[in-house]
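Colleague: The structure is given below, and queries will be raised subsequently.
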Amino acid sequence: MPQIKENFYENILFKFETCACDCVTDIEHIAPGEEPLTRYKLQAIPNQKILFGYAAKKGLVRIASNGTIEESNILGTLISLTNPSKTSKDLVTFLKENGFLFPVTANSYEEFDEQSLYSLINRLKMTVELMTAANEIHKDYKKIFSLTVSLLFSSDIQIKTDSMESEYSSCHHAYANLVMNPPTNLSYERQQENFDKDTYTVQDSIFGSYELNIQEYNDISGGYSIIPGFNDQVFKNITALYLNHCGTDITRKITDFLFHYFHEVGMVSFSNGLSYYKEPNMENFNQAMKDALIEIARSIIGEEINANLDGIHPVYNSETMTPSWKVDSLLCAAYFSIFYLKPDLELYRPCDNPRCGKYFLVKTTSTKTRYCSSECCNRVTQDRYRKRKREKEEN
């Protein structure tokens with residue numbers, strides 16, 4: 001039996017066992033000039049067991065049969081698969097080495113479309129990136145905003161395998177439903193304001209009180225924009241919510257924040273992904289807006305993680321007299337590893353080597369650690385040296 005050089009089980013917080021899978025790709029050419037469709041076919045290999053574990057400062061790792069760490073930072077490798085430098089071959093390699101994100105049958109191949117798989121991984125990646133961005137010492141608020149609203153209005157993802165009892169559904173934020181169906185009927189008090197003055201007085205969760213010009217509200221609700229050429233349904237609905245919604249929870253904070261962002265920072269469209277009508281004016285992004293965005297971002301992170309912890313069950317080991325957890329899928333294990341992350345101490349950052357892009361754990365206070373390994377640092381240094389040498393020779 002191999003000698004155990006490092007017993008990972010001593011500090012393990014949870015473990016997850018699955019099995020390897022075979023993975024092949026089918027490419028279907030639809031029509032001349034159109035992008036071909038890629039489909040992944042997976043089949044479980046039950047006799048090839050794979051064990052994962054999680055411990056503080058190590059993250060989610062794959063464990064060898066002798067208890068040593070076989071591969072570190074599984075989460076970082078998984079979310080890096082959406083980087084432009086990665087190809088479908090990298091995804092196939094990951095699935096063969098680590099098994100599928102969900103249990104699959106061993107009886108036959110099960111087929112999954114490329115878009116669903118990458119959307120699922122990208123959703124996990126955005127959650128990790130938002131957690132990092134919201135807890136960095138030097139915050140990039142434009143990035144935090146982009147990640148927050150992208151998660152908030154993300155399309156739903158459903159995946160079902162023959163081995164799953166029920167279909168997996170990605171986190172659906174209730175606020176998205178609210179935006180699609182805002183209250184539009186003015187209350188008696190609002191109608192009275194219409195007669196008495198030129199503005200509606202709104203009790204604002206960010207600024208305390210705000211006077212909304214009645215004519216401006218009527219123009220927006222009637223389909224006229226305060227900026228010529230810009231007319232987005234979400235903007236119209238958020239304005240209606242801002243005036244008519246009386247909630248006092250986080251949904252009120254989201255509405256108030258988005259309303260002020262539209263009016264004072266930048267006009268944003270959600271109709272075809274996140275896009276700006278023009279470059280946002282971050283000078284108007286004051287401290288009250290920053291504080292509100294961080295609060296909203298943390299709420300969205302919590303909803304994303306909690307929605308993916310349904311496959312976790314507490315288990316008590318009667319032999320060792322210790323508590324443990326049963327994890328149903330690799331995706332669930334990935335989110336559970338984020339659940340255990342302490343962002344005030346450590347965060348995931350992407351490696352600055354463009355050919356790597358792997359996300360790795362680093363201390364929150366460390367602003368100089370830019371590479372996941374010395375190999376990546378050396379590779380970038382060599383690339384820069386070669387580039388300077390070529391430029392010198394050309395001149």
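The way I read the labels, and the way they are meant: chains A, B, ... in the order of the structure tokens, residue 1 as the first residue of every chain, and ligand 1 as the first ligand shown, with later ones counted on from there.
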Please provide the set of residues having any atom within 12 Å of A:Thr148, restricted to only C-alpha atoms, with same-chain residues fewer than 6 positions apart removed, written as an NGL selection string.
Modeller: :A and (123 or 126-131 or 133-134 or 141-142 or 154 or 173 or 254 or 257-258 or 274 or 292-304)
Colleague: Using only C-alpha atoms, determine which residues lie at most 7 Å from A:Val362, disregarding the query and same-chain residues fewer than 5 positions distant; provide the list as a PyMOL selection string.
Modeller: chain A and resi 346-348
Colleague: Please produce an output containing N, CA, C and O atoms for each residue in the selection, written as an mmCIF file, in the first residue's frame.
Modeller:
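As a result, selection_12.cif now contains:
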data_model
loop_
_atom_site.group_PDB
_atom_site.id
_atom_site.type_symbol
_atom_site.label_atom_id
_atom_site.label_comp_id
_atom_site.auth_asym_id
_atom_site.auth_seq_id
_atom_site.Cartn_x
_atom_site.Cartn_y
_atom_site.Cartn_z
ATOM 1 N N GLU A 346 -9.441 35.338 2.793
ATOM 2 C CA GLU A 346 -8.923 34.842 1.520
ATOM 3 C C GLU A 346 -9.981 34.956 0.421
ATOM 4 O O GLU A 346 -11.182 34.897 0.689
ATOM 5 N N LEU A 347 -9.496 35.122 -0.810
ATOM 6 C CA LEU A 347 -10.367 35.297 -1.965
ATOM 7 C C LEU A 347 -9.786 34.556 -3.165
ATOM 8 O O LEU A 347 -8.606 34.198 -3.176
ATOM 9 N N TYR A 348 -10.636 34.354 -4.182
ATOM 10 C CA TYR A 348 -10.169 33.788 -5.439
ATOM 11 C C TYR A 348 -9.862 34.926 -6.410
ATOM 12 O O TYR A 348 -10.685 35.806 -6.627
#
Colleague: Just the residues within 7 Å of stretch 336-339 of chain A, please, counting only C-alpha atoms, with nothing from its chain fewer than 5 positions along; format it as a list of chain:residue names.
Modeller: A:Tyr54, A:Gly59, A:Leu60, A:Ile305, A:Leu309
Colleague: If we count only C-alpha atoms and set the cut-off at 6 Å, which residues sit around A:Cys19, ignoring sequence neighbours fewer than 2 positions away in its own chain? Please answer as a list in words.
Modeller: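 Close residues of A:Cys19: Pro46, Gln48, Lys49, Ile50 and Gly99 of chain A.
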Colleague: How far is it from atom CA of A:Val92 to atom CA of A:Cys21, in Å with one decimal?
Modeller: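 According to the coordinates, atom CA of A:Val92 and atom CA of A:Cys21 are separated by 10.0 Å.
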